[in-house]
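J.: Sharing final.txt, compact mmCIF, C-alpha atoms:
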# COMPACT_ATOMS: atom_id res chain seq x y z
CA MET Y 1 -20.52 6.21 36.86
CA HIS Y 2 -16.79 6.45 36.72
CA GLU Y 3 -15.78 8.29 39.80
CA ARG Y 4 -12.16 9.02 38.82
CA GLY Y 5 -13.28 11.23 35.95
CA LEU Y 6 -15.76 13.00 38.19
CA VAL Y 7 -13.08 13.68 40.82
CA SER Y 8 -10.72 15.05 38.13
CA GLY Y 9 -13.52 17.43 37.13
CA LEU Y 10 -14.03 18.34 40.77
CA LEU Y 11 -10.35 19.29 41.15
CA VAL Y 12 -10.58 21.55 38.09
CA GLN Y 13 -13.66 23.23 39.59
CA ILE Y 14 -11.92 23.75 42.94
CA ARG Y 15 -8.94 25.37 41.23
CA GLU Y 16 -11.33 27.69 39.40
CA VAL Y 17 -13.24 28.66 42.54
CA VAL Y 18 -10.18 29.61 44.61
CA THR Y 19 -8.29 31.41 41.83
CA PRO Y 20 -6.20 33.53 42.15
CA ARG Y 21 -5.22 31.75 45.37
CA SER Y 22 -3.41 28.44 45.43
CA PRO Y 23 -5.71 25.39 45.67
CA ARG Y 24 -3.47 24.34 48.57
CA CYS Y 25 -5.32 26.84 50.78
CA VAL Y 26 -8.34 24.50 50.74
CA ARG Y 27 -8.70 22.57 54.02
CA ALA Y 28 -12.01 20.79 53.41
CA VAL Y 29 -14.13 19.94 50.39
CA HIS Y 30 -17.86 19.48 50.96
CA LEU Y 31 -19.71 17.35 48.41
CA THR Y 32 -23.34 16.35 48.12
CA VAL Y 33 -24.07 12.98 46.49
CA GLY Y 34 -27.57 11.73 45.79
CA GLU Y 35 -28.23 8.06 46.46
CA PHE Y 36 -29.82 7.73 42.98
CA THR Y 37 -27.09 9.59 41.07
CA GLY Y 38 -25.18 6.45 40.16
CA VAL Y 39 -22.12 7.81 41.96
CA GLU Y 40 -20.68 5.59 44.68
CA PRO Y 41 -19.44 7.64 47.68
CA GLU Y 42 -16.73 5.14 48.63
CA LEU Y 43 -15.31 5.21 45.09
CA VAL Y 44 -15.38 9.02 45.13
CA ARG Y 45 -13.46 8.92 48.39
CA SER Y 46 -10.76 6.57 47.11
CA ALA Y 47 -10.41 8.49 43.82
CA PHE Y 48 -10.11 11.72 45.85
CA GLU Y 49 -7.40 10.20 48.07
CA GLU Y 50 -5.51 9.17 44.98
CA LEU Y 51 -5.88 12.32 42.87
CA ALA Y 52 -6.15 15.19 45.36
CA PRO Y 53 -2.55 15.28 46.69
CA ALA Y 54 -1.26 16.46 43.31
CA VAL Y 55 -3.46 19.58 43.52
CA LEU Y 56 -4.59 20.17 47.10
CA HIS Y 57 -2.96 20.37 50.53
CA HIS Y 58 -1.99 17.00 52.04
CA SER Y 59 -4.25 17.55 55.06
CA VAL Y 60 -7.38 18.36 53.02
CA GLN Y 61 -10.54 16.62 54.19
CA LEU Y 62 -13.37 15.31 52.05
CA GLN Y 63 -16.83 15.67 53.59
CA LEU Y 64 -19.44 13.67 51.70
CA GLN Y 65 -23.08 14.21 52.41
CA VAL Y 66 -25.33 11.54 50.95
CA VAL Y 67 -28.80 12.81 50.05
CA ARG Y 68 -31.71 10.42 50.19
CA LEU Y 69 -33.93 9.85 47.20
CA ALA Y 70 -37.03 12.00 47.66
CA ALA Y 71 -40.07 12.77 45.52
CA ARG Y 72 -43.10 15.07 45.44
CA CYS Y 73 -46.56 13.76 44.72
CA ARG Y 74 -48.30 15.55 41.85
CA ALA Y 75 -51.73 14.86 43.34
CA CYS Y 76 -51.36 15.84 47.01
CA ALA Y 77 -47.97 17.66 46.92
CA LEU Y 78 -46.59 15.49 49.72
CA GLU Y 79 -42.80 15.33 49.76
CA PHE Y 80 -41.50 11.95 50.85
CA ASP Y 81 -38.40 9.73 50.95
CA VAL Y 82 -38.64 7.04 48.31
CA GLU Y 83 -38.31 3.67 50.06
CA ARG Y 84 -37.06 0.61 48.15
CA PHE Y 85 -37.35 2.59 44.89
CA HIS Y 86 -41.13 2.43 45.00
CA PHE Y 87 -42.19 5.65 43.33
CA VAL Y 88 -45.65 5.76 44.89
CA CYS Y 89 -47.03 8.42 47.26
CA PRO Y 90 -47.37 6.92 50.77
CA SER Y 91 -50.30 9.23 51.54
CA CYS Y 92 -52.64 9.07 48.54
CA ALA Y 93 -51.08 6.12 46.62
CA CYS Y 94 -50.75 8.28 43.51
CA ASP Y 95 -47.94 7.05 41.26
CA ASN Y 96 -47.38 10.31 39.42
CA VAL Y 97 -44.43 11.67 41.36
CA ASP Y 98 -41.40 13.83 40.55
CA ILE Y 99 -37.94 13.23 41.96
CA ILE Y 100 -36.91 16.30 43.98
CA ALA Y 101 -33.64 15.06 45.53
CA GLY Y 102 -31.19 12.21 45.32
CA GLU Y 103 -29.89 12.68 41.76
CA GLN Y 104 -27.30 15.38 42.40
CA PHE Y 105 -23.52 15.48 42.54
CA GLU Y 106 -22.54 18.91 43.80
CA LEU Y 107 -19.58 20.80 45.15
CA THR Y 108 -21.44 22.41 48.05
CA SER Y 109 -18.71 24.47 49.71
CA LEU Y 110 -15.01 24.77 50.46
CA THR Y 111 -13.35 25.45 53.79
CA ILE Y 112 -10.36 27.70 53.20
CA GLU Y 113 -7.36 28.70 55.30
CA PRO Y 114 -7.53 32.52 55.05
CA LEU Y 115 -3.92 33.22 55.97
CA PHE Y 116 -2.46 30.41 53.92
CA ASP Y 117 0.78 31.35 52.22
CA ALA Y 118 1.54 29.12 49.26
CA ALA Y 119 5.24 29.94 49.46
CA ARG Y 120 5.60 28.84 53.09
CA PRO Y 121 7.62 25.62 53.41
CA GLY Y 122 5.72 22.63 54.69
CA ASP Y 123 2.44 23.61 53.04
CA MET Q 1 -11.09 29.05 58.63
CA THR Q 2 -13.57 30.46 56.14
CA THR Q 3 -16.30 28.52 54.41
CA VAL Q 4 -17.03 29.50 50.84
CA THR Q 5 -20.41 28.41 49.49
CA VAL Q 6 -20.02 27.09 45.97
CA GLN Q 7 -23.14 25.04 45.01
CA ARG Q 8 -21.78 23.84 41.68
CA ASP Q 9 -23.43 21.00 39.83
CA LEU Q 10 -20.49 18.75 38.92
CA LEU Q 11 -22.59 16.99 36.29
CA ALA Q 12 -23.69 20.23 34.60
CA GLU Q 13 -21.19 20.03 31.76
CA ARG Q 14 -22.15 16.54 30.68
CA LYS Q 15 -25.87 17.26 31.07
CA ALA Q 16 -25.50 20.33 28.85
CA ALA Q 17 -23.51 18.40 26.22
CA ALA Q 18 -26.15 15.65 26.05
CA ALA Q 19 -28.96 18.20 25.82
CA ALA Q 20 -27.16 20.01 22.97
CA PHE Q 21 -26.72 16.76 21.00
CA ARG Q 22 -30.40 15.92 21.58
CA ARG Q 23 -31.39 19.35 20.22
CA GLU Q 24 -29.22 18.81 17.16
CA LEU Q 25 -30.88 15.45 16.46
CA THR Q 26 -34.34 16.88 17.08
CA ALA Q 27 -33.65 19.70 14.63
CA ARG Q 28 -32.70 17.08 12.02
CA GLY Q 29 -35.87 15.13 12.70
CA VAL Q 30 -33.92 12.16 14.07
CA LEU Q 31 -35.39 10.26 17.00
CA CYS Q 32 -32.53 8.85 19.07
CA VAL Q 33 -33.15 5.59 20.92
CA ASN Q 34 -30.68 4.31 23.53
CA MET Q 35 -31.15 0.59 24.11
CA ILE Q 36 -29.82 -0.83 27.35
CA SER Q 37 -29.94 -4.39 28.68
CA SER Q 38 -27.79 -7.09 30.18
CA PRO Q 39 -25.59 -9.04 27.72
CA GLY Q 40 -27.58 -11.47 25.59
CA ALA Q 41 -31.04 -9.95 26.13
CA GLY Q 42 -31.40 -9.59 22.37
CA LYS Q 43 -30.78 -5.92 21.58
CA THR Q 44 -29.11 -6.71 18.25
CA SER Q 45 -31.83 -9.17 17.26
CA LEU Q 46 -34.50 -6.63 18.17
CA ILE Q 47 -32.85 -3.92 16.08
CA GLN Q 48 -32.55 -6.37 13.18
CA ALA Q 49 -36.20 -7.42 13.55
CA ALA Q 50 -37.38 -3.79 13.52
CA ALA Q 51 -35.23 -2.94 10.49
CA GLN Q 52 -36.57 -5.98 8.62
CA ALA Q 53 -40.15 -5.14 9.58
CA TRP Q 54 -39.68 -1.59 8.30
CA ASN Q 55 -38.03 -2.92 5.15
CA GLY Q 56 -37.00 0.56 4.06
CA ARG Q 57 -40.30 2.22 5.04
CA CYS Q 58 -38.51 3.90 7.96
CA ARG Q 59 -34.83 4.74 7.81
CA ALA Q 60 -32.78 3.83 10.87
CA ALA Q 61 -29.03 4.10 11.41
CA VAL Q 62 -27.37 2.12 14.17
CA LEU Q 63 -24.44 2.69 16.51
CA THR Q 64 -23.58 -0.46 18.36
CA GLY Q 65 -21.33 -0.52 21.42
CA ASP Q 66 -19.18 -3.37 22.60
CA ILE Q 67 -16.04 -3.87 24.62
CA ALA Q 68 -14.47 -5.91 21.82
CA THR Q 69 -15.21 -7.18 18.28
CA ASP Q 70 -17.44 -5.77 15.54
CA ARG Q 71 -19.73 -8.81 15.49
CA ASP Q 72 -22.91 -6.79 16.10
CA ALA Q 73 -22.08 -4.30 13.36
CA GLN Q 74 -21.42 -7.17 10.92
CA ARG Q 75 -24.74 -8.78 11.84
CA LEU Q 76 -26.65 -5.55 11.31
CA ALA Q 77 -24.82 -4.32 8.20
CA PRO Q 78 -27.19 -6.04 5.73
CA PHE Q 79 -30.20 -4.29 7.33
CA ALA Q 80 -29.10 -0.74 8.24
CA PRO Q 81 -26.19 1.69 8.04
CA VAL Q 82 -24.17 0.81 11.12
CA ARG Q 83 -20.97 1.79 12.94
CA GLN Q 84 -19.38 -0.26 15.67
CA LEU Q 85 -18.25 1.68 18.75
CA THR Q 86 -15.58 -0.29 20.58
CA THR Q 87 -15.13 0.93 24.14
CA GLY Q 88 -11.88 -0.89 24.88
CA GLY Q 89 -13.04 -2.19 28.23
CA ALA Q 90 -15.46 0.52 29.35
CA CYS Q 91 -18.77 -0.92 30.53
CA HIS Q 92 -20.97 1.72 28.89
CA LEU Q 93 -21.06 4.17 25.99
CA GLU Q 94 -20.13 7.82 26.50
CA LEU Q 95 -21.53 10.79 24.64
CA SER Q 96 -18.22 11.61 22.90
CA LEU Q 97 -18.05 8.12 21.34
CA VAL Q 98 -21.64 8.37 20.15
CA GLN Q 99 -21.05 11.79 18.62
CA ARG Q 100 -17.99 10.55 16.75
CA GLY Q 101 -19.92 7.53 15.48
CA TRP Q 102 -22.80 9.75 14.41
CA LEU Q 103 -20.44 11.92 12.35
CA GLU Q 104 -18.89 8.84 10.75
CA LEU Q 105 -22.31 7.51 9.78
CA ALA Q 106 -22.84 10.62 7.62
CA TRP Q 107 -26.10 9.14 6.37
CA GLU Q 108 -28.68 11.34 4.71
CA ASN Q 109 -32.36 11.33 5.65
CA VAL Q 110 -32.07 9.14 8.73
CA GLU Q 111 -35.25 9.12 10.82
CA PHE Q 112 -34.02 7.03 13.73
CA LEU Q 113 -30.64 6.76 15.38
CA ILE Q 114 -30.62 3.52 17.34
CA ILE Q 115 -27.83 3.20 19.89
CA GLU Q 116 -27.16 -0.29 21.13
CA ASN Q 117 -25.38 0.23 24.44
CA VAL Q 118 -22.83 -2.15 25.97
CA GLY Q 119 -24.59 -5.05 27.70
CA ASN Q 120 -24.92 -3.84 31.30
CA LEU Q 121 -27.95 -2.79 33.35
CA VAL Q 122 -25.98 -0.55 35.74
CA CYS Q 123 -23.62 2.07 34.26
CA PRO Q 124 -25.52 2.91 31.03
CA ALA Q 125 -28.43 4.08 33.23
CA SER Q 126 -26.27 6.96 34.50
CA HIS Q 127 -25.11 8.22 31.09
CA ASP Q 128 -27.29 10.46 28.96
CA LEU Q 129 -26.25 9.95 25.33
CA GLY Q 130 -28.58 12.62 23.98
CA GLU Q 131 -31.33 10.09 23.40
CA HIS Q 132 -35.03 10.93 23.19
CA LEU Q 133 -36.01 7.46 24.34
CA ARG Q 134 -34.18 5.14 26.66
CA VAL Q 135 -35.38 1.59 26.21
CA VAL Q 136 -34.60 -1.17 28.67
CA VAL Q 137 -34.69 -4.66 27.13
CA LEU Q 138 -35.22 -7.62 29.44
CA SER Q 139 -35.41 -11.20 28.20
CA VAL Q 140 -37.58 -13.77 29.93
CA THR Q 141 -34.62 -16.04 30.67
CA GLU Q 142 -33.16 -13.37 32.99
CA GLY Q 143 -36.00 -13.57 35.49
CA ASP Q 144 -38.98 -11.38 36.36
CA ASP Q 145 -37.35 -9.81 39.44
CA LYS Q 146 -34.97 -7.49 37.55
CA PRO Q 147 -36.79 -4.12 37.66
CA GLY Q 148 -36.50 -3.88 41.45
CA LYS Q 149 -32.87 -5.00 41.33
CA TYR Q 150 -31.86 -2.42 38.72
CA PRO Q 151 -34.21 0.45 39.59
CA LYS Q 152 -32.24 3.19 37.86
CA ALA Q 153 -32.30 1.37 34.51
CA PHE Q 154 -36.08 1.02 34.72
CA ARG Q 155 -36.82 4.42 36.32
CA THR Q 156 -34.89 6.34 33.67
CA SER Q 157 -36.31 4.40 30.71
CA GLN Q 158 -39.31 5.51 28.67
CA ALA Q 159 -40.13 2.04 27.41
CA CYS Q 160 -39.43 -1.58 28.28
CA VAL Q 161 -39.23 -4.50 25.85
CA ILE Q 162 -39.68 -7.99 27.27
CA ASN Q 163 -37.89 -10.12 24.70
CA LYS Q 164 -37.86 -13.89 23.94
CA ILE Q 165 -41.54 -14.35 24.87
CA ASP Q 166 -41.51 -17.48 22.66
CA LEU Q 167 -39.58 -19.10 25.56
CA LEU Q 168 -42.26 -18.28 28.17
CA PRO Q 169 -43.60 -21.87 28.29
CA TYR Q 170 -40.15 -23.16 29.30
CA VAL Q 171 -39.01 -20.67 31.96
CA PRO Q 172 -40.43 -19.52 35.30
CA PHE Q 173 -41.14 -15.94 34.23
CA SER Q 174 -44.37 -14.15 35.06
CA MET Q 175 -45.40 -11.23 32.83
CA GLU Q 176 -47.68 -10.08 35.63
CA ALA Q 177 -44.87 -10.12 38.22
CA VAL Q 178 -42.44 -8.22 36.00
CA THR Q 179 -45.10 -5.65 35.12
CA THR Q 180 -45.95 -5.07 38.80
CA ASP Q 181 -42.27 -4.81 39.73
CA ALA Q 182 -41.46 -2.43 36.86
CA ARG Q 183 -44.43 -0.17 37.55
CA LEU Q 184 -43.44 0.29 41.21
CA VAL Q 185 -40.25 1.84 39.90
CA GLN Q 186 -41.71 3.57 36.82
CA PRO Q 187 -45.53 3.63 36.84
CA ALA Q 188 -45.83 5.14 33.36
CA LEU Q 189 -43.53 2.58 31.69
CA PRO Q 190 -45.01 1.13 28.48
CA ILE Q 191 -44.14 -2.56 28.26
CA PHE Q 192 -43.81 -4.40 24.93
CA PRO Q 193 -43.74 -8.22 24.92
CA VAL Q 194 -41.72 -9.24 21.89
CA SER Q 195 -39.99 -12.19 20.33
CA ALA Q 196 -37.31 -10.88 18.00
CA SER Q 197 -36.79 -14.38 16.62
CA THR Q 198 -40.44 -15.23 15.79
CA GLY Q 199 -41.44 -11.63 15.06
CA ALA Q 200 -44.24 -11.58 17.64
CA GLY Q 201 -44.87 -8.05 18.93
CA VAL Q 202 -42.34 -6.48 16.55
CA ALA Q 203 -45.02 -4.56 14.64
CA GLU Q 204 -46.31 -2.99 17.89
CA TRP Q 205 -42.75 -2.10 18.87
CA CYS Q 206 -42.08 -0.44 15.49
CA ALA Q 207 -45.39 1.44 15.73
CA PHE Q 208 -44.35 2.79 19.14
CA LEU Q 209 -41.05 4.07 17.72
CA GLU Q 210 -42.86 5.67 14.79
CA SER Q 211 -45.44 7.36 17.02
CA SER Q 212 -42.69 8.59 19.35
CA ARG Q 213 -40.94 10.22 16.40
CA ALA Q 214 -44.22 11.70 15.14
CA ARG Q 215 -44.81 13.19 18.60
CA MET Q 216 -41.30 14.66 18.66
CA LEU Q 217 -41.87 16.28 15.25
CA ALA Q 218 -45.29 17.62 16.28
CA GLU Q 219 -43.94 19.05 19.52
CA THR Q 220 -41.08 20.84 17.83
CA ALA Q 221 -42.54 21.94 14.51
CA PRO Q 222 -44.74 24.95 15.37
CA ALA Q 223 -42.66 26.77 17.96
CA GLY Q 224 -39.31 25.87 16.43
CA ASN Q 225 -38.08 25.13 19.92
CA PRO Q 226 -36.38 21.75 19.81
CA SER Q 227 -36.20 20.96 23.51
CA PRO Q 228 -37.04 17.32 24.12
For this file, write the structure as structure tokens.
T.:
Amino acid sequence: MHERGLVSGLLVQIREVVTPRSPRCVRAVHLTVGEFTGVEPELVRSAFEELAPAVLHHSVQLQLQVVRLAARCRACALEFDVERFHFVCPSCACDNVDIIAGEQFELTSLTIEPLFDAARPGD
Amino acid sequence: MTTVTVQRDLLAERKAAAAAFRRELTARGVLCVNMISSPGAGKTSLIQAAAQAWNGRCRAAVLTGDIATDRDAQRLAPFAPVRQLTTGGACHLELSLVQRGWLELAWENVEFLIIENVGNLVCPASHDLGEHLRVVVLSVTEGDDKPGKYPKAFRTSQACVINKIDLLPYVPFSMEAVTTDARLVQPALPIFPVSASTGAGVAEWCAFLESSRARMLAETAPAGNPSP
């Protein structure tokens, strides 16, 4: 996917979440990226480094949590990590499985400086 | 420091936009087919072969995506209403381009909207264009090991066409190996061996598209709820 566009959308979302405060009060951004989403964490990171300074504080940190691809078997209800993209239940060999994780791209949480004053020089 | 839980799906907007376009097409009785493949697998030839086989019996309109030129649109123009979508370098089609092309087509009584994506087995697999069916086309000259190498393209597709089967005697490509590999990724994947140039398998492929549309109409008609 094109990560720059996704990061631009992320910055808009962050601004919305912290309103009416300045987005410069954000100290860390926590993202969840599924390994089957088609979003490359390293490209998200470089797009963030490029685009974030215009909106967020210069010391803001990006925390990326990569979520493994996981599925649930429709026959035996086992939840398992999908290895090598083989969508087959390791317990009962049933191939009717639903993806339950690994396709998301989420803004999980924000760490915020509570006493941040947007007008203070240096911030 | 305070941590604020947000839990926002950053893909929600584009998922909702694709779902809305799909509902619009469903309500109009149009089955939308998004064809993805590597360059040269024969998407254009396959679309042409289907249109010729239908010979007006089914009405399909085509949106064809390329980085440059309108060669595919020119090739298809004698067989179906077609618009070229030129991406200007982007490696895949986006929903907004497709929607604009759909409006420009302005064709009455279309039963199928066939989208020919940009030749690429990676990025198109991550972009929902509002299609009812995603079809991955693989030609025998590309090798039978592709499903495992491009799992997202095969996992997210509802059908697979193996094209250029007339070349099978000349290339090391095993239908059995590709079927096994594809079904590890997507066990329910229907596979259609086709030669767009000789016409072999084209009738079965057209019948699958027709039955898919019939199923869509049957699923949506009684309740009036056009969710795909």
J.: For chain Y, work out the contacting residues on chain Q at 9 Å, counting all atoms listed in the file, and write them as a PyMOL selection string.
T.: chain Q and resi 1-11+122-127+148+151-152+155+183-188
J.: In Å, with one decimal, what is the gap from CA of Ile100 in chain Y to CA of Leu25 in chain Q?
T.: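 Between CA of Ile100 in chain Y and CA of Leu25 in chain Q the gap is 28.2 Å.
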J.: Any idea what's packed within 8 Å of Ala80 in chain Q, counting only C-alpha atoms, ignoring anything in its chain fewer than 4 positions away? Could you give it as a PyMOL selection string?
T.: chain Q and resi 51+59-62+76
J.: Of the candidates Y:Leu56, Y:Leu69, Y:Ala101, Y:Ala47, which one gets nearest to Arg21 in chain Y if we count only C-alpha atoms?
T.: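 Looking at the shortest contact to Arg21 in chain Y, the residue is Y:Leu56.
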J.: Just give me the gap between CA of Asp144 in chain Q and CA of Met175 in chain Q in Å, one decimal is fine.
T.: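 Taking CA of Asp144 in chain Q as the start and CA of Met175 in chain Q as the end point, the length is 7.3 Å.
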J.: Tell me which of Q:Glu204, Q:Glu210, Q:Glu131, Q:Asp72 sits closest to Ala18 in chain Q, counting only C-alpha atoms.
T.: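 Smallest distance to Ala18 in chain Q is found for Q:Glu131.
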J.: Any idea what the distance is between CA of Arg68 in chain Y and CA of Arg134 in chain Q?
T.: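 Taking CA of Arg68 in chain Y as the start and CA of Arg134 in chain Q as the end point, the length is 24.2 Å.
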J.: Pick out the residues sitting within 8 Å of range 43-50 of chain Q, and hand them over as a PyMOL selection string; count all atoms listed in the file, and ignore anything fewer than 2 positions along from it in its own chain.
T.: chain Q and resi 35-37+40-41+52-54+72+76+79+114+116+137+196-197+199+202-203+205-206
J.: Name the closest residue to Glu142 in chain Q among the candidates Q:Cys160, Q:Val171, Q:Ala106, Q:Ile115; distances are taken between atoms, counting only C-alpha atoms.
T.: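 The answer is Q:Val171, which sits nearest to Glu142 in chain Q.
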J.: Starting from the incomplete input, reconstruct N, CA and C atoms of range 59-83 of chain Q and write that as a PDB file, in the coordinates of the input.
T.:
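Result went into out.pdb, see below:
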ATOM      1  N   ARG Q  59     -36.279   4.819   7.960  1.00  0.00           N
ATOM      2  CA  ARG Q  59     -34.830   4.740   7.810  1.00  0.00           C
ATOM      3  C   ARG Q  59     -34.130   4.891   9.160  1.00  0.00           C
ATOM      4  N   ALA Q  60     -33.485   3.825   9.592  1.00  0.00           N
ATOM      5  CA  ALA Q  60     -32.780   3.830  10.870  1.00  0.00           C
ATOM      6  C   ALA Q  60     -31.295   3.603  10.654  1.00  0.00           C
ATOM      7  N   ALA Q  61     -30.473   4.355  11.379  1.00  0.00           N
ATOM      8  CA  ALA Q  61     -29.030   4.100  11.410  1.00  0.00           C
ATOM      9  C   ALA Q  61     -28.697   3.605  12.818  1.00  0.00           C
ATOM     10  N   VAL Q  62     -27.652   2.797  12.905  1.00  0.00           N
ATOM     11  CA  VAL Q  62     -27.370   2.120  14.170  1.00  0.00           C
ATOM     12  C   VAL Q  62     -25.923   2.374  14.609  1.00  0.00           C
ATOM     13  N   LEU Q  63     -25.758   2.674  15.880  1.00  0.00           N
ATOM     14  CA  LEU Q  63     -24.440   2.690  16.510  1.00  0.00           C
ATOM     15  C   LEU Q  63     -24.450   1.590  17.551  1.00  0.00           C
ATOM     16  N   THR Q  64     -23.527   0.660  17.448  1.00  0.00           N
ATOM     17  CA  THR Q  64     -23.580  -0.460  18.360  1.00  0.00           C
ATOM     18  C   THR Q  64     -22.299  -0.532  19.190  1.00  0.00           C
ATOM     19  N   GLY Q  65     -22.463  -0.590  20.498  1.00  0.00           N
ATOM     20  CA  GLY Q  65     -21.330  -0.520  21.420  1.00  0.00           C
ATOM     21  C   GLY Q  65     -20.953  -1.880  21.972  1.00  0.00           C
ATOM     22  N   ASP Q  66     -19.677  -2.144  21.990  1.00  0.00           N
ATOM     23  CA  ASP Q  66     -19.180  -3.370  22.600  1.00  0.00           C
ATOM     24  C   ASP Q  66     -17.795  -3.130  23.149  1.00  0.00           C
ATOM     25  N   ILE Q  67     -17.396  -3.980  24.068  1.00  0.00           N
ATOM     26  CA  ILE Q  67     -16.040  -3.870  24.620  1.00  0.00           C
ATOM     27  C   ILE Q  67     -15.032  -4.330  23.571  1.00  0.00           C
ATOM     28  N   ALA Q  68     -15.378  -5.375  22.841  1.00  0.00           N
ATOM     29  CA  ALA Q  68     -14.470  -5.910  21.820  1.00  0.00           C
ATOM     30  C   ALA Q  68     -15.300  -6.494  20.674  1.00  0.00           C
ATOM     31  N   THR Q  69     -14.685  -6.622  19.542  1.00  0.00           N
ATOM     32  CA  THR Q  69     -15.210  -7.180  18.280  1.00  0.00           C
ATOM     33  C   THR Q  69     -16.232  -6.271  17.588  1.00  0.00           C
ATOM     34  N   ASP Q  70     -16.413  -6.510  16.281  1.00  0.00           N
ATOM     35  CA  ASP Q  70     -17.440  -5.770  15.540  1.00  0.00           C
ATOM     36  C   ASP Q  70     -18.528  -6.743  15.074  1.00  0.00           C
ATOM     37  N   ARG Q  71     -18.767  -7.777  15.882  1.00  0.00           N
ATOM     38  CA  ARG Q  71     -19.730  -8.810  15.490  1.00  0.00           C
ATOM     39  C   ARG Q  71     -21.145  -8.242  15.302  1.00  0.00           C
ATOM     40  N   ASP Q  72     -21.554  -7.340  16.213  1.00  0.00           N
ATOM     41  CA  ASP Q  72     -22.910  -6.790  16.100  1.00  0.00           C
ATOM     42  C   ASP Q  72     -23.051  -5.943  14.849  1.00  0.00           C
ATOM     43  N   ALA Q  73     -22.022  -5.148  14.556  1.00  0.00           N
ATOM     44  CA  ALA Q  73     -22.080  -4.300  13.360  1.00  0.00           C
ATOM     45  C   ALA Q  73     -22.149  -5.177  12.101  1.00  0.00           C
ATOM     46  N   GLN Q  74     -21.385  -6.270  12.089  1.00  0.00           N
ATOM     47  CA  GLN Q  74     -21.420  -7.170  10.920  1.00  0.00           C
ATOM     48  C   GLN Q  74     -22.801  -7.802  10.767  1.00  0.00           C
ATOM     49  N   ARG Q  75     -23.407  -8.177  11.908  1.00  0.00           N
ATOM     50  CA  ARG Q  75     -24.740  -8.780  11.840  1.00  0.00           C
ATOM     51  C   ARG Q  75     -25.770  -7.809  11.283  1.00  0.00           C
ATOM     52  N   LEU Q  76     -25.627  -6.524  11.681  1.00  0.00           N
ATOM     53  CA  LEU Q  76     -26.650  -5.550  11.310  1.00  0.00           C
ATOM     54  C   LEU Q  76     -26.412  -4.902   9.950  1.00  0.00           C
ATOM     55  N   ALA Q  77     -25.182  -5.018   9.446  1.00  0.00           N
ATOM     56  CA  ALA Q  77     -24.820  -4.320   8.200  1.00  0.00           C
ATOM     57  C   ALA Q  77     -25.769  -4.594   7.029  1.00  0.00           C
ATOM     58  N   PRO Q  78     -26.284  -5.821   6.861  1.00  0.00           N
ATOM     59  CA  PRO Q  78     -27.190  -6.040   5.730  1.00  0.00           C
ATOM     60  C   PRO Q  78     -28.533  -5.308   5.868  1.00  0.00           C
ATOM     61  N   PHE Q  79     -28.845  -4.825   7.086  1.00  0.00           N
ATOM     62  CA  PHE Q  79     -30.200  -4.290   7.330  1.00  0.00           C
ATOM     63  C   PHE Q  79     -30.243  -2.776   7.539  1.00  0.00           C
ATOM     64  N   ALA Q  80     -29.091  -2.178   7.930  1.00  0.00           N
ATOM     65  CA  ALA Q  80     -29.100  -0.740   8.240  1.00  0.00           C
ATOM     66  C   ALA Q  80     -27.674  -0.212   8.194  1.00  0.00           C
ATOM     67  N   PRO Q  81     -27.528   1.102   7.903  1.00  0.00           N
ATOM     68  CA  PRO Q  81     -26.190   1.690   8.040  1.00  0.00           C
ATOM     69  C   PRO Q  81     -25.760   1.587   9.503  1.00  0.00           C
ATOM     70  N   VAL Q  82     -24.563   1.092   9.743  1.00  0.00           N
ATOM     71  CA  VAL Q  82     -24.170   0.810  11.120  1.00  0.00           C
ATOM     72  C   VAL Q  82     -22.687   1.119  11.331  1.00  0.00           C
ATOM     73  N   ARG Q  83     -22.355   1.598  12.516  1.00  0.00           N
ATOM     74  CA  ARG Q  83     -20.970   1.790  12.940  1.00  0.00           C
ATOM     75  C   ARG Q  83     -20.785   1.086  14.276  1.00  0.00           C
TER      76      ARG Q  83
END
